[in-house]
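Dropping work30.csv in here (CSV, C-alpha atoms and all ligand atoms):
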```csv
chain,number,residue,atom,x,y,z
A,1,MET,CA,7.7,24.0,-24.1
A,2,LYS,CA,9.3,22.5,-21.1
A,3,PHE,CA,7.8,19.1,-20.3
A,4,PRO,CA,6.7,18.7,-16.7
A,5,LYS,CA,8.4,16.3,-14.3
A,6,SER,CA,6.0,15.9,-11.4
A,7,TYR,CA,2.3,15.3,-10.9
A,8,ARG,CA,0.6,17.7,-8.7
A,9,VAL,CA,-1.9,15.0,-7.5
A,10,LEU,CA,0.9,12.8,-6.1
A,11,GLU,CA,2.7,13.3,-2.8
A,12,ASN,CA,5.7,11.4,-4.1
A,13,ASN,CA,6.9,11.3,-7.7
A,14,LEU,CA,9.4,8.5,-7.4
A,15,PHE,CA,8.5,4.9,-6.5
A,16,SER,CA,11.4,2.5,-6.4
A,17,ASN,CA,12.3,-1.0,-5.4
A,18,ASP,CA,15.9,-2.3,-5.9
A,19,ALA,CA,16.7,-1.7,-9.6
A,20,PHE,CA,13.2,-0.8,-10.6
A,21,SER,CA,11.4,2.6,-10.4
A,22,LEU,CA,8.3,4.4,-11.6
A,23,VAL,CA,8.8,8.0,-12.5
A,24,PRO,CA,6.3,10.4,-14.1
A,25,ILE,CA,6.3,9.7,-17.8
A,26,ARG,CA,9.4,11.2,-19.5
A,27,LEU,CA,9.3,13.1,-22.8
A,28,GLU,CA,12.5,11.3,-23.9
A,29,ASP,CA,10.7,7.9,-23.8
A,30,LYS,CA,7.9,8.9,-26.2
A,31,MET,CA,9.2,7.3,-29.4
A,32,LYS,CA,10.2,4.1,-27.6
A,33,ILE,CA,6.7,3.9,-26.2
A,34,MET,CA,5.2,4.6,-29.7
A,35,ASN,CA,7.3,1.7,-31.1
A,36,TRP,CA,6.2,-0.7,-28.4
A,37,ARG,CA,2.6,0.2,-28.8
A,38,ASN,CA,2.8,-0.4,-32.6
A,39,GLU,CA,4.6,-3.7,-32.1
A,40,GLN,CA,1.9,-4.9,-29.7
A,41,VAL,CA,-1.2,-3.3,-31.2
A,42,TYR,CA,-2.9,-6.7,-31.1
A,43,HIS,CA,-3.7,-6.5,-27.4
A,44,LEU,CA,-4.2,-2.7,-27.1
A,45,ARG,CA,-7.3,-0.6,-27.6
A,46,GLN,CA,-5.7,1.1,-30.6
A,47,ALA,CA,-7.1,0.7,-34.1
A,48,LYS,CA,-4.0,1.4,-36.2
A,49,PRO,CA,-0.3,2.1,-35.8
A,50,LEU,CA,0.6,5.5,-34.3
A,51,THR,CA,2.7,8.0,-36.3
A,52,GLU,CA,5.4,10.2,-34.9
A,53,ASP,CA,3.2,13.3,-35.4
A,54,GLU,CA,0.3,11.7,-33.5
A,55,GLN,CA,2.7,10.7,-30.7
A,56,ASN,CA,4.1,14.2,-30.4
A,57,ASN,CA,0.6,15.7,-30.4
A,58,TYR,CA,-0.5,13.2,-27.7
A,59,PHE,CA,2.4,14.1,-25.5
A,60,GLU,CA,2.0,17.9,-26.0
A,61,ASN,CA,-1.8,18.1,-25.8
A,62,VAL,CA,-2.9,15.3,-23.6
A,63,VAL,CA,0.0,13.9,-21.4
A,64,ALA,CA,1.6,17.3,-20.5
A,65,LYS,CA,-1.8,18.6,-19.3
A,66,LEU,CA,-2.2,15.7,-16.8
A,67,PHE,CA,0.6,17.0,-14.6
A,68,GLU,CA,-1.1,20.1,-13.3
A,69,GLN,CA,-4.6,18.6,-12.9
A,70,GLU,CA,-6.0,18.1,-9.4
A,71,GLN,CA,-7.9,15.0,-10.5
A,72,PRO,CA,-6.4,13.8,-13.8
A,73,ASN,CA,-8.3,10.9,-15.5
A,74,GLN,CA,-5.0,9.1,-16.0
A,75,ILE,CA,-1.5,9.2,-14.4
A,76,LEU,CA,1.3,7.8,-16.6
A,77,PHE,CA,4.8,6.6,-15.7
A,78,SER,CA,8.0,5.5,-17.3
A,79,PHE,CA,9.0,2.2,-15.8
A,80,LEU,CA,12.8,2.1,-15.4
A,81,GLU,CA,15.3,-0.6,-14.7
A,82,ASN,CA,18.6,0.9,-13.6
A,83,GLY,CA,17.5,4.2,-15.0
A,84,GLU,CA,16.6,2.9,-18.5
A,85,CYS,CA,13.0,2.9,-19.6
A,86,ILE,CA,11.8,-0.7,-20.2
A,87,GLY,CA,8.1,-0.1,-20.1
A,88,TYR,CA,5.4,2.5,-19.5
A,89,GLY,CA,1.9,2.5,-17.9
A,90,GLY,CA,0.1,3.7,-15.0
A,91,LEU,CA,-3.5,4.3,-13.8
A,92,VAL,CA,-6.1,5.1,-16.4
A,93,HIS,CA,-9.9,5.8,-16.3
A,94,ILE,CA,-9.4,7.0,-12.7
A,95,ASN,CA,-12.7,7.4,-11.0
A,96,TRP,CA,-12.1,9.8,-8.1
A,97,ILE,CA,-15.6,9.4,-6.7
A,98,ASP,CA,-15.5,5.6,-6.4
A,99,LYS,CA,-11.8,5.6,-5.9
A,100,ASN,CA,-10.9,3.0,-8.5
A,101,ALA,CA,-8.7,2.9,-11.6
A,102,GLU,CA,-7.7,0.6,-14.4
A,103,ILE,CA,-4.1,-0.5,-14.7
A,104,SER,CA,-2.3,0.0,-18.0
A,105,PHE,CA,1.2,-1.4,-18.8
A,106,VAL,CA,3.2,-2.1,-21.9
A,107,MET,CA,6.8,-3.4,-21.7
A,108,GLN,CA,9.6,-3.3,-24.1
A,109,THR,CA,8.6,-5.9,-26.7
A,110,ASP,CA,11.7,-8.0,-26.7
A,111,LEU,CA,11.5,-8.5,-22.9
A,112,GLU,CA,8.1,-10.1,-23.1
A,113,LYS,CA,9.5,-13.5,-24.1
A,114,ASN,CA,11.7,-14.2,-21.1
A,115,ARG,CA,10.8,-11.6,-18.4
A,116,PHE,CA,7.1,-11.0,-18.8
A,117,ALA,CA,5.9,-12.3,-15.4
A,118,GLU,CA,8.9,-10.8,-13.5
A,119,ILE,CA,8.5,-7.3,-15.0
A,120,TRP,CA,4.7,-7.3,-14.7
A,121,GLY,CA,5.1,-8.3,-11.0
A,122,GLU,CA,7.6,-5.5,-10.4
A,123,HIS,CA,5.4,-2.9,-12.1
A,124,LEU,CA,2.4,-4.0,-10.1
A,125,TYR,CA,4.3,-3.8,-6.8
A,126,LEU,CA,5.2,-0.2,-7.5
A,127,LEU,CA,1.9,0.8,-9.0
A,128,GLU,CA,0.1,-0.4,-5.9
A,129,LYS,CA,2.2,2.0,-3.8
A,130,VAL,CA,1.0,4.8,-6.1
A,131,ALA,CA,-2.6,3.7,-6.0
A,132,PHE,CA,-3.1,2.7,-2.4
A,133,ASN,CA,-0.4,4.5,-0.4
A,134,ASP,CA,-0.2,7.8,-2.3
A,135,LEU,CA,-3.6,8.3,-3.9
A,136,ARG,CA,-5.5,6.3,-1.3
A,137,LEU,CA,-7.6,4.6,-4.1
A,138,HIS,CA,-9.8,1.7,-2.9
A,139,LYS,CA,-9.6,-0.6,-5.9
A,140,ILE,CA,-7.4,-1.2,-9.0
A,141,PHE,CA,-8.1,-3.6,-11.8
A,142,THR,CA,-6.9,-4.8,-15.2
A,143,TYR,CA,-9.2,-5.0,-18.2
A,144,ALA,CA,-7.6,-7.5,-20.7
A,145,PHE,CA,-8.7,-9.1,-23.9
A,146,ASP,CA,-8.5,-12.8,-23.4
A,147,VAL,CA,-5.6,-13.2,-25.8
A,148,ARG,CA,-2.7,-13.2,-23.3
A,149,GLN,CA,-3.4,-15.9,-20.8
A,150,HIS,CA,0.2,-15.6,-19.4
A,151,LEU,CA,-0.8,-12.3,-17.9
A,152,TYR,CA,-3.0,-14.0,-15.3
A,153,ALA,CA,-0.2,-15.7,-13.4
A,154,PRO,CA,1.7,-12.5,-12.4
A,155,LEU,CA,-1.6,-10.9,-11.5
A,156,LEU,CA,-2.7,-13.8,-9.2
A,157,LYS,CA,0.8,-13.9,-7.7
A,158,SER,CA,0.5,-10.2,-6.8
A,159,GLY,CA,-2.8,-10.8,-4.9
A,160,PHE,CA,-5.2,-9.9,-7.7
A,161,TYR,CA,-8.3,-12.1,-8.2
A,162,GLU,CA,-10.4,-12.8,-11.3
A,163,GLU,CA,-13.4,-10.7,-10.7
A,164,ALA,CA,-15.3,-11.0,-13.9
A,165,ARG,CA,-15.3,-12.4,-17.4
A,166,LEU,CA,-17.2,-10.3,-19.9
A,167,LYS,CA,-18.4,-12.9,-22.4
A,168,GLN,CA,-17.7,-12.2,-26.1
A,169,HIS,CA,-17.2,-8.6,-25.3
A,170,CYS,CA,-14.9,-7.5,-28.1
A,171,PHE,CA,-14.7,-8.1,-31.8
A,172,PHE,CA,-11.2,-9.3,-32.6
A,173,ASP,CA,-9.7,-11.0,-35.7
A,174,ASP,CA,-13.2,-11.7,-37.1
A,175,LYS,CA,-14.6,-13.2,-33.9
A,176,PHE,CA,-16.0,-12.1,-30.5
A,177,ILE,CA,-13.7,-12.7,-27.6
A,178,ASP,CA,-14.0,-12.4,-23.8
A,179,VAL,CA,-12.5,-9.6,-21.6
A,180,ILE,CA,-11.2,-10.6,-18.2
A,181,ILE,CA,-11.1,-8.2,-15.2
A,182,HIS,CA,-8.7,-8.9,-12.4
A,183,SER,CA,-8.9,-6.7,-9.3
A,184,LYS,CA,-7.3,-5.8,-6.1
A,185,ILE,CA,-8.8,-3.9,-3.2
A,186,SER,CA,-6.7,-1.7,-0.8
A,187,GLN,CA,-5.5,-3.4,2.3
A,188,LEU,CA,-4.5,-0.2,4.1
A,189,LEU,CA,-4.6,-0.1,7.8
A,190,GLU,CA,-6.7,2.5,9.5
A,191,LEU,CA,-7.0,3.5,13.1
A,192,ARG,CA,-10.0,4.5,15.2
A,193,LEU,CA,-10.6,5.0,18.9
A,194,ALA,CA,-11.6,1.8,20.7
A,195,THR,CA,-15.2,1.7,21.9
A,196,GLU,CA,-17.2,-0.6,24.3
A,197,GLU,CA,-18.1,-2.8,21.3
A,198,ASP,CA,-14.4,-3.8,21.0
A,199,VAL,CA,-14.5,-5.7,24.3
A,200,ASP,CA,-15.0,-9.1,22.7
A,201,VAL,CA,-12.3,-8.8,20.1
A,202,THR,CA,-9.8,-7.4,22.5
A,203,PHE,CA,-10.6,-10.2,24.9
A,204,LYS,CA,-10.0,-12.7,22.1
A,205,TRP,CA,-6.6,-11.2,21.4
A,206,ALA,CA,-5.7,-11.0,25.1
A,207,SER,CA,-6.5,-14.7,25.5
A,208,ASP,CA,-4.5,-15.8,22.4
A,209,SER,CA,-1.4,-17.7,23.4
A,210,LYS,CA,0.5,-16.4,20.3
A,211,VAL,CA,-0.3,-12.8,21.3
A,212,ARG,CA,0.5,-13.2,25.0
A,213,ARG,CA,3.6,-15.3,24.5
A,214,PHE,CA,5.9,-12.3,25.3
A,215,ALA,CA,3.5,-10.3,27.5
A,216,ILE,CA,5.0,-8.9,30.7
A,217,GLN,CA,1.8,-9.9,32.7
A,218,LYS,CA,1.4,-13.6,31.8
A,219,ASP,CA,-1.5,-14.7,34.1
A,220,ALA,CA,-4.7,-16.0,32.5
A,221,ILE,CA,-7.4,-13.3,32.0
A,222,THR,CA,-11.1,-13.8,32.7
A,223,PHE,CA,-13.6,-12.0,30.6
A,224,GLU,CA,-14.9,-10.1,33.7
A,225,ASN,CA,-11.5,-8.8,34.6
A,226,HIS,CA,-10.8,-7.9,31.0
A,227,SER,CA,-14.1,-6.0,30.5
A,228,ASN,CA,-13.6,-4.0,33.7
A,229,TRP,CA,-10.1,-3.1,32.7
A,230,PHE,CA,-11.1,-2.4,29.2
A,231,GLU,CA,-13.9,0.0,30.2
A,232,ARG,CA,-11.6,1.9,32.5
A,233,LYS,CA,-9.0,2.2,29.8
A,234,ILE,CA,-11.2,3.5,27.0
A,235,ASN,CA,-12.7,6.1,29.3
A,236,ALA,CA,-9.4,7.2,31.0
A,237,ASP,CA,-7.9,10.6,30.2
A,238,ASP,CA,-4.4,9.2,30.5
A,239,CYS,CA,-4.9,6.5,27.9
A,240,VAL,CA,-5.3,6.5,24.1
A,241,TYR,CA,-6.6,3.1,22.9
A,242,LEU,CA,-6.8,2.7,19.2
A,243,ILE,CA,-8.1,-0.2,17.1
A,244,ALA,CA,-6.5,-1.0,13.7
A,245,GLU,CA,-8.8,-2.0,10.9
A,246,VAL,CA,-8.3,-3.2,7.4
A,247,ASN,CA,-11.4,-2.9,5.2
A,248,LYS,CA,-13.4,-2.3,8.4
A,249,LYS,CA,-12.2,-5.5,10.0
A,250,ALA,CA,-10.4,-5.1,13.4
A,251,ILE,CA,-7.0,-6.6,13.1
A,252,GLY,CA,-5.1,-5.3,16.1
A,253,SER,CA,-4.7,-2.6,18.7
A,254,ILE,CA,-2.2,0.0,19.9
A,255,ARG,CA,-2.6,1.6,23.4
A,256,PHE,CA,-0.7,4.4,25.0
A,257,ASP,CA,-0.7,4.9,28.8
A,258,ILE,CA,0.4,8.4,29.6
A,259,ASP,CA,2.1,9.4,32.9
A,260,ASP,CA,2.3,12.8,34.6
A,261,LYS,CA,5.6,13.6,32.7
A,262,ASN,CA,3.6,13.3,29.4
A,263,GLU,CA,5.5,10.1,28.6
A,264,ALA,CA,3.5,7.5,26.8
A,265,LEU,CA,4.1,3.8,27.3
A,266,LEU,CA,2.9,1.9,24.3
A,267,SER,CA,1.7,-1.6,23.8
A,268,PHE,CA,0.6,-3.0,20.5
A,269,LEU,CA,-0.6,-6.3,19.0
A,270,LEU,CA,-1.9,-7.8,15.8
A,271,ASP,CA,-4.4,-10.6,15.4
A,272,PRO,CA,-2.1,-13.7,14.6
A,273,THR,CA,-3.8,-14.2,11.2
A,274,PHE,CA,-2.4,-10.7,10.2
A,275,HIS,CA,1.2,-11.3,11.3
A,276,GLY,CA,4.0,-11.1,8.7
A,277,LYS,CA,2.3,-8.6,6.4
A,278,GLY,CA,4.1,-5.4,7.5
A,279,TYR,CA,1.2,-4.2,9.6
A,280,GLY,CA,3.3,-4.1,12.8
A,281,LYS,CA,5.3,-1.1,11.4
A,282,GLU,CA,2.2,0.5,10.0
A,283,ILE,CA,0.2,0.3,13.3
A,284,LEU,CA,3.2,1.8,15.2
A,285,VAL,CA,3.8,4.7,12.8
A,286,LYS,CA,0.1,5.5,12.4
A,287,GLY,CA,-0.5,5.0,16.1
A,288,TYR,CA,2.0,7.6,17.3
A,289,ILE,CA,1.0,10.1,14.6
A,290,GLU,CA,-2.6,9.7,15.9
A,291,LEU,CA,-1.4,10.0,19.5
A,292,LEU,CA,0.4,13.3,18.8
A,293,LYS,CA,-2.8,14.7,17.3
A,294,LEU,CA,-4.7,13.9,20.5
A,295,LYS,CA,-2.2,14.6,23.3
A,296,TYR,CA,0.8,16.6,24.3
A,297,ILE,CA,3.6,13.9,24.6
A,298,SER,CA,7.3,14.3,25.4
A,299,LYS,CA,8.4,10.7,24.9
A,300,ILE,CA,7.1,7.4,23.6
A,301,ILE,CA,8.4,4.3,25.3
A,302,GLY,CA,8.2,0.6,24.4
A,303,VAL,CA,9.3,-2.3,26.6
A,304,VAL,CA,9.9,-5.6,24.7
A,305,SER,CA,11.0,-9.1,25.7
A,306,ILE,CA,14.5,-9.9,24.3
A,307,ASN,CA,12.9,-13.0,22.8
A,308,ASN,CA,10.2,-11.0,21.0
A,309,ILE,CA,12.1,-10.8,17.7
A,310,PRO,CA,9.2,-9.4,15.5
A,311,SER,CA,8.6,-6.6,18.0
A,312,LEU,CA,12.3,-5.8,18.5
A,313,LYS,CA,12.8,-5.6,14.7
A,314,THR,CA,9.7,-3.4,14.4
A,315,PHE,CA,11.0,-0.8,16.9
A,316,LYS,CA,14.5,-0.9,15.5
A,317,SER,CA,13.3,-0.4,11.9
A,318,LEU,CA,11.4,2.8,13.0
A,319,ASP,CA,14.4,4.5,14.6
A,320,PHE,CA,13.4,4.1,18.2
A,321,ASN,CA,16.5,4.4,20.4
A,322,GLN,CA,17.3,1.4,22.5
A,323,VAL,CA,18.0,2.9,25.9
A,324,ASN,CA,18.1,0.0,28.3
A,325,GLU,CA,18.2,-3.8,28.7
A,326,THR,CA,17.4,-5.4,32.1
A,327,GLU,CA,16.0,-8.7,33.2
A,328,GLY,CA,15.2,-9.9,29.7
A,329,TYR,CA,13.4,-6.8,28.5
A,330,VAL,CA,14.6,-4.0,26.2
A,331,THR,CA,13.4,-0.5,26.5
A,332,PHE,CA,13.0,1.7,23.4
A,333,GLU,CA,12.1,5.3,23.3
A,334,LYS,CA,11.4,8.1,20.9
A,335,ILE,CA,11.8,11.7,22.1
A,336,ILE,CA,9.1,13.9,20.6
A,337,ARG,CA,10.4,17.3,19.5
A,338,ASN,CA,8.3,20.3,18.9
A,339,GLU,CA,8.5,20.0,15.1
A,340,ASN,CA,7.0,16.5,15.3
A,341,ARG,CA,3.8,17.9,16.7
B,1,LIG,C1,4.8,-7.4,17.4
B,1,LIG,C2,3.8,-7.6,16.2
B,1,LIG,C3,2.7,-6.6,16.3
B,1,LIG,C4,4.6,-7.5,14.9
B,1,LIG,O1,3.8,-8.0,13.9
B,1,LIG,P1,4.2,-8.1,12.4
B,1,LIG,O2,4.5,-6.8,11.8
B,1,LIG,O3,3.3,-9.0,11.7
B,1,LIG,O4,5.7,-8.8,12.5
B,1,LIG,P2,6.4,-9.7,11.5
B,1,LIG,O5,6.1,-11.1,11.7
B,1,LIG,O6,6.3,-9.1,10.1
B,1,LIG,O7,7.9,-9.4,12.0
B,1,LIG,C5,8.6,-8.2,12.0
B,1,LIG,C6,10.0,-8.4,11.4
B,1,LIG,O8,10.6,-9.4,12.2
B,1,LIG,C7,11.1,-10.5,11.4
B,1,LIG,N1,10.9,-11.7,12.2
B,1,LIG,C8,9.8,-12.2,12.7
B,1,LIG,N2,10.0,-13.4,13.3
B,1,LIG,C9,11.4,-13.6,13.2
B,1,LIG,C10,12.3,-14.6,13.6
B,1,LIG,N3,11.9,-15.6,14.4
B,1,LIG,N4,13.6,-14.5,13.3
B,1,LIG,C11,14.1,-13.4,12.6
B,1,LIG,N5,13.3,-12.4,12.2
B,1,LIG,C12,11.9,-12.5,12.5
B,1,LIG,C13,10.1,-10.4,10.2
B,1,LIG,O9,10.7,-11.1,9.1
B,1,LIG,C14,10.0,-8.9,10.0
B,1,LIG,O10,11.1,-8.4,9.4
B,1,LIG,P3,11.0,-7.3,8.2
B,1,LIG,O11,10.4,-6.1,8.9
B,1,LIG,O12,12.5,-7.1,7.9
B,1,LIG,O13,10.2,-7.9,7.2
B,1,LIG,C15,3.2,-9.0,16.3
B,1,LIG,O14,4.2,-10.0,16.3
B,1,LIG,C16,2.3,-9.3,17.5
B,1,LIG,O15,1.2,-8.9,17.6
B,1,LIG,N6,2.9,-9.9,18.6
B,1,LIG,C17,2.2,-10.2,19.8
B,1,LIG,C18,2.1,-9.0,20.7
B,1,LIG,C19,3.4,-8.3,20.9
B,1,LIG,O16,4.4,-9.0,21.1
B,1,LIG,N7,3.4,-7.0,21.0
B,1,LIG,C20,4.6,-6.2,21.2
B,1,LIG,C21,4.7,-5.9,22.7
B,1,LIG,S1,5.8,-4.6,22.9
```

Output the file's structure as C-alpha cells, nothing else.
Ligand SMILES: CC(C)(COP(=O)(O)OP(=O)(O)OC[C@H]1O[C@@H](n2cnc3c(N)ncnc32)[C@H](O)[C@@H]1OP(=O)(O)O)[C@@H](O)C(=O)NCCC(=O)NCCS
Amino acid sequence: MKFPKSYRVLENNLFSNDAFSLVPIRLEDKMKIMNWRNEQVYHLRQAKPLTEDEQNNYFENVVAKLFEQEQPNQILFSFLENGECIGYGGLVHINWIDKNAEISFVMQTDLEKNRFAEIWGEHLYLLEKVAFNDLRLHKIFTYAFDVRQHLYAPLLKSGFYEEARLKQHCFFDDKFIDVIIHSKISQLLELRLATEEDVDVTFKWASDSKVRRFAIQKDAITFENHSNWFERKINADDCVYLIAEVNKKAIGSIRFDIDDKNEALLSFLLDPTFHGKGYGKEILVKGYIELLKLKYISKIIGVVSINNIPSLKTFKSLDFNQVNETEGYVTFEKIIRNENR
C-alpha cells in the first residue's frame, strides 16, 4: 500500500520556520517514533512497550486512514530539523464541534537533555499555525502528568496558561499524581462591518496621540464632529468601514473610501495595546479580501507618512507598489486584476 502524504482536512501540508518543519507523519519515521515512545513510556498514556508488529499495524490501520477523513480525530506530523525527523506529534482528541484539540509531542530522546525547551517551543509555534490558521480551531491544550515540570516553562513562554490541575488524577508508580492542563485560545483577527455602536471606540482611537501621530489631518477631533462623520461613513455607498476583532474585542479598523474610478483609498489603525503582534498585516490582507467581496474595485491605494515606519513596512511586506513620494508622504498601490476578484 502507498502511504498517503497529505491530509484532506488541511489547506496546507507543510508548516515551516527556518530549519524546522511539520509535515504529515511519514511512514519512514515509524520505527524511530516507536523507539522514542518506548524510551519515554513513563510520561505517555501507554501501558507497555510497543512491538514492531503493533507499530506497523497502527500505521496501516489507524494512521493511514486519518489522511482521507474530513474530520479525523487526530492529525499527526513528523517534526523535522533540516529534513531529519527529530520528533513527532500533532493534534489529538480533536473536537470539531467545540473546536478544540489536545497537543501531543514526543521528541528524539537524546535531545531532551539539552534542547527540550527550544524544540518544544519550535513545535508549538508551528502547531499553532496548523490549529489556529489552517483548521480555525478555537482552543488547544496539553494534558500532562505532573512528572515533567520542565515542560511548563516552554508552554508559558509560548503564551499558554495553566488552566487546571486535576488533583491525584492518575495512578502512577504506586501513587496518585496530578494532571496539569495548559491552554491557549485562538487570537485570530476577524473583520465585521462597523455599526453605530462603534462610535465610542472609534472616537477613542481617533483621539489617541499614538494613533494620530502620523495622520494627514492632525487637528483635534470633538466627539460631535466624530459622530457626525462616523454616521455618514458607515452609511455611505462609497465607503467600506470594517472593525477588526480578536475574541470579539474591537482592536482596530480599516476603511476604504471609493472614488468614481473604483479606486479605494485605505486607512487603517490598531488600538495601541495591540501594536507589534502582526495584526497590521492581517488587518490589511483580510481587509482588502473583504472589500473585493463587497465592491468592484480597480485599485487599492495607501498614503503613508515617510516617518510612519510600521505602516511603511506593512505595505512593503504585502507587495504593494510604491508609486510616488511627495511632501513627506509615500503612495502605495495595488492594482486589482480580474483573477483577484
Ligand atoms: C500601522 C499599524 C496598523 C501597524 O501596526 P502593527 O502591525 O502592530 O505594526 P508593528 O509595530 O508590528 O510594525 C510593523 C513592522 O515595522 C517594524 N517597526 C515598527 N517600528 C519600527 C521602528 N521604529 N524601526 C524599525 N522597524 C519598526 C516592526 O518590527 C514590524 O516589522 P516586521 O513586520 O518585520 O515584524 C499601527 O502602527 C497603527 O495603528 N498606527 C497608527 C495608525 C496608522 O499609522 N495607520 C496607517 C496609516 S496609512

Please give me, as number ranges by chain, the residues lying within 9 Å of ligand LIG 1 (chain B) when counting only C-alpha atoms and all ligand atoms.
A: 205, 210-216, 252-254, 266-284, 302-305, 307-315, 317

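Closest approach to A:Lys65 among A:Thr195, A:Ser104, A:Ser6, A:Gln149 is made by A:Ser6 (distances from all atoms listed in the file).
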
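Closest approach to A:Leu155 among A:Thr142, A:Asn57, A:Asn321, A:Thr109 is made by A:Thr142 (distances from only C-alpha atoms).
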
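Within the 12 Å cut-off around A:Tyr296, using all atoms listed in the file and omitting residues fewer than 6 positions from it on the same chain, the listed residues are A:Asp238, A:Val240, A:Ile258, A:Asp259, A:Asp260, A:Lys261, A:Asn262, A:Glu263, A:Ala264, A:Tyr288, A:Ile289, A:Glu290, A:Ile336, A:Arg337, A:Asn338, A:Asn340, A:Arg341.
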
Residues of the last selection are to be written out with C-alpha atoms, as a short mmCIF file (atom, residue, chain, number, x, y, z; two decimals), in the coordinates of the input.
```cif
data_model
loop_
_atom_site.label_atom_id
_atom_site.label_comp_id
_atom_site.auth_asym_id
_atom_site.auth_seq_id
_atom_site.Cartn_x
_atom_site.Cartn_y
_atom_site.Cartn_z
CA ASP A 238 -4.40 9.20 30.50
CA VAL A 240 -5.30 6.50 24.10
CA ILE A 258 0.40 8.40 29.60
CA ASP A 259 2.10 9.40 32.90
CA ASP A 260 2.30 12.80 34.60
CA LYS A 261 5.60 13.60 32.70
CA ASN A 262 3.60 13.30 29.40
CA GLU A 263 5.50 10.10 28.60
CA ALA A 264 3.50 7.50 26.80
CA TYR A 288 2.00 7.60 17.30
CA ILE A 289 1.00 10.10 14.60
CA GLU A 290 -2.60 9.70 15.90
CA ILE A 336 9.10 13.90 20.60
CA ARG A 337 10.40 17.30 19.50
CA ASN A 338 8.30 20.30 18.90
CA ASN A 340 7.00 16.50 15.30
CA ARG A 341 3.80 17.90 16.70
#
```

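If you measure from each of A:Phe141, A:Phe15, A:Tyr7, A:Tyr329 to A:Ile75 using all atoms listed in the file, the closest one turns out to be A:Tyr7.
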
Could you make a table, as CSV, of the residues of stretch 103-127 of chain A that have an atom within 12 Å of an atom of stretch 91-96 of chain A, each with its nearest atom pair and distance in Å to one decimal, counting only C-alpha atoms, in chain and number order?
```
residue,atom,partner,partner_atom,distance
A:Ile103,CA,A:Leu91,CA,4.9
A:Ser104,CA,A:Leu91,CA,6.1
A:Phe105,CA,A:Leu91,CA,8.9
A:His123,CA,A:Leu91,CA,11.6
A:Leu124,CA,A:Leu91,CA,10.8
A:Leu126,CA,A:Leu91,CA,11.6
A:Leu127,CA,A:Leu91,CA,8.0
```

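Proximity to A:Phe256 was assessed for A:Asp237, A:Asp174, A:Glu197, A:Asp219 counting only C-alpha atoms; the smallest distance is recorded for A:Asp237.
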
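Distances from A:Ala244, A:Ala206, A:Val199, A:Ala64 to A:Ser227 were compared using all atoms listed in the file, and the smallest one belongs to A:Val199.
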
Find, counting only C-alpha atoms, the residue in A:Pro49, A:Pro24, A:Gly328, A:Pro4 that gets nearest to A:Tyr88.
A:Pro24

Expressed in Å, the length from atom CA of A:Glu333 to atom CA of A:Ile251 is 24.7 Å

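Counting from atom CA of A:Thr326, the distance to atom CA of A:Leu292 is 28.6 Å.
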
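From atom CA of A:Asn17 back to atom CA of A:Trp36, the distance works out to 23.8 Å.
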
Would you be able to write out as a short mmCIF file (atom, residue, chain, number, x, y, z; two decimals) with C-alpha atoms, keeping the file's coordinate frame which residues have an atom within 9 Å of (10.4, 19.6, -25.2) in the file's coordinates, counting only C-alpha atoms?
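So the final result, stored in point08.cif, reads:
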```
data_model
loop_
_atom_site.label_atom_id
_atom_site.label_comp_id
_atom_site.auth_asym_id
_atom_site.auth_seq_id
_atom_site.Cartn_x
_atom_site.Cartn_y
_atom_site.Cartn_z
CA MET A 1 7.70 24.00 -24.10
CA LYS A 2 9.30 22.50 -21.10
CA PHE A 3 7.80 19.10 -20.30
CA LEU A 27 9.30 13.10 -22.80
CA GLU A 28 12.50 11.30 -23.90
CA GLU A 60 2.00 17.90 -26.00
#
```

Emit a file covering stretch 45-55 of chain A of the preceding structure with N, CA and C atoms, as a PDB file, in the first residue's frame.
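What ended up in part-v4.pdb:
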```pdb
ATOM      1  N   ARG A  45       0.581   7.911  27.790  1.00  0.00           N
ATOM      2  CA  ARG A  45      -0.530   7.027  28.153  1.00  0.00           C
ATOM      3  C   ARG A  45      -0.365   5.725  27.356  1.00  0.00           C
ATOM      4  N   GLN A  46       0.590   4.955  27.751  1.00  0.00           N
ATOM      5  CA  GLN A  46       0.915   3.719  27.025  1.00  0.00           C
ATOM      6  C   GLN A  46       1.340   2.708  28.092  1.00  0.00           C
ATOM      7  N   ALA A  47       0.639   1.586  28.195  1.00  0.00           N
ATOM      8  CA  ALA A  47       0.850   0.684  29.327  1.00  0.00           C
ATOM      9  C   ALA A  47       2.156  -0.109  29.215  1.00  0.00           C
ATOM     10  N   LYS A  48       2.510  -0.521  27.970  1.00  0.00           N
ATOM     11  CA  LYS A  48       3.722  -1.346  27.846  1.00  0.00           C
ATOM     12  C   LYS A  48       4.440  -1.002  26.534  1.00  0.00           C
ATOM     13  N   PRO A  49       5.709  -1.426  26.395  1.00  0.00           N
ATOM     14  CA  PRO A  49       6.435  -1.077  25.168  1.00  0.00           C
ATOM     15  C   PRO A  49       5.732  -1.605  23.910  1.00  0.00           C
ATOM     16  N   LEU A  50       5.851  -0.821  22.836  1.00  0.00           N
ATOM     17  CA  LEU A  50       5.250  -1.227  21.553  1.00  0.00           C
ATOM     18  C   LEU A  50       6.179  -2.210  20.850  1.00  0.00           C
ATOM     19  N   THR A  51       5.596  -3.132  20.099  1.00  0.00           N
ATOM     20  CA  THR A  51       6.418  -4.017  19.268  1.00  0.00           C
ATOM     21  C   THR A  51       6.368  -3.504  17.823  1.00  0.00           C
ATOM     22  N   GLU A  52       7.296  -4.022  16.980  1.00  0.00           N
ATOM     23  CA  GLU A  52       7.309  -3.590  15.569  1.00  0.00           C
ATOM     24  C   GLU A  52       5.994  -3.940  14.888  1.00  0.00           C
ATOM     25  N   ASP A  53       5.458  -5.130  15.212  1.00  0.00           N
ATOM     26  CA  ASP A  53       4.172  -5.530  14.599  1.00  0.00           C
ATOM     27  C   ASP A  53       3.065  -4.554  14.966  1.00  0.00           C
ATOM     28  N   GLU A  54       3.038  -4.219  16.247  1.00  0.00           N
ATOM     29  CA  GLU A  54       1.979  -3.280  16.690  1.00  0.00           C
ATOM     30  C   GLU A  54       2.120  -1.932  15.979  1.00  0.00           C
ATOM     31  N   GLN A  55       3.375  -1.481  15.843  1.00  0.00           N
ATOM     32  CA  GLN A  55       3.595  -0.181  15.195  1.00  0.00           C
ATOM     33  C   GLN A  55       3.209  -0.242  13.709  1.00  0.00           C
TER      34      GLN A  55
END
```
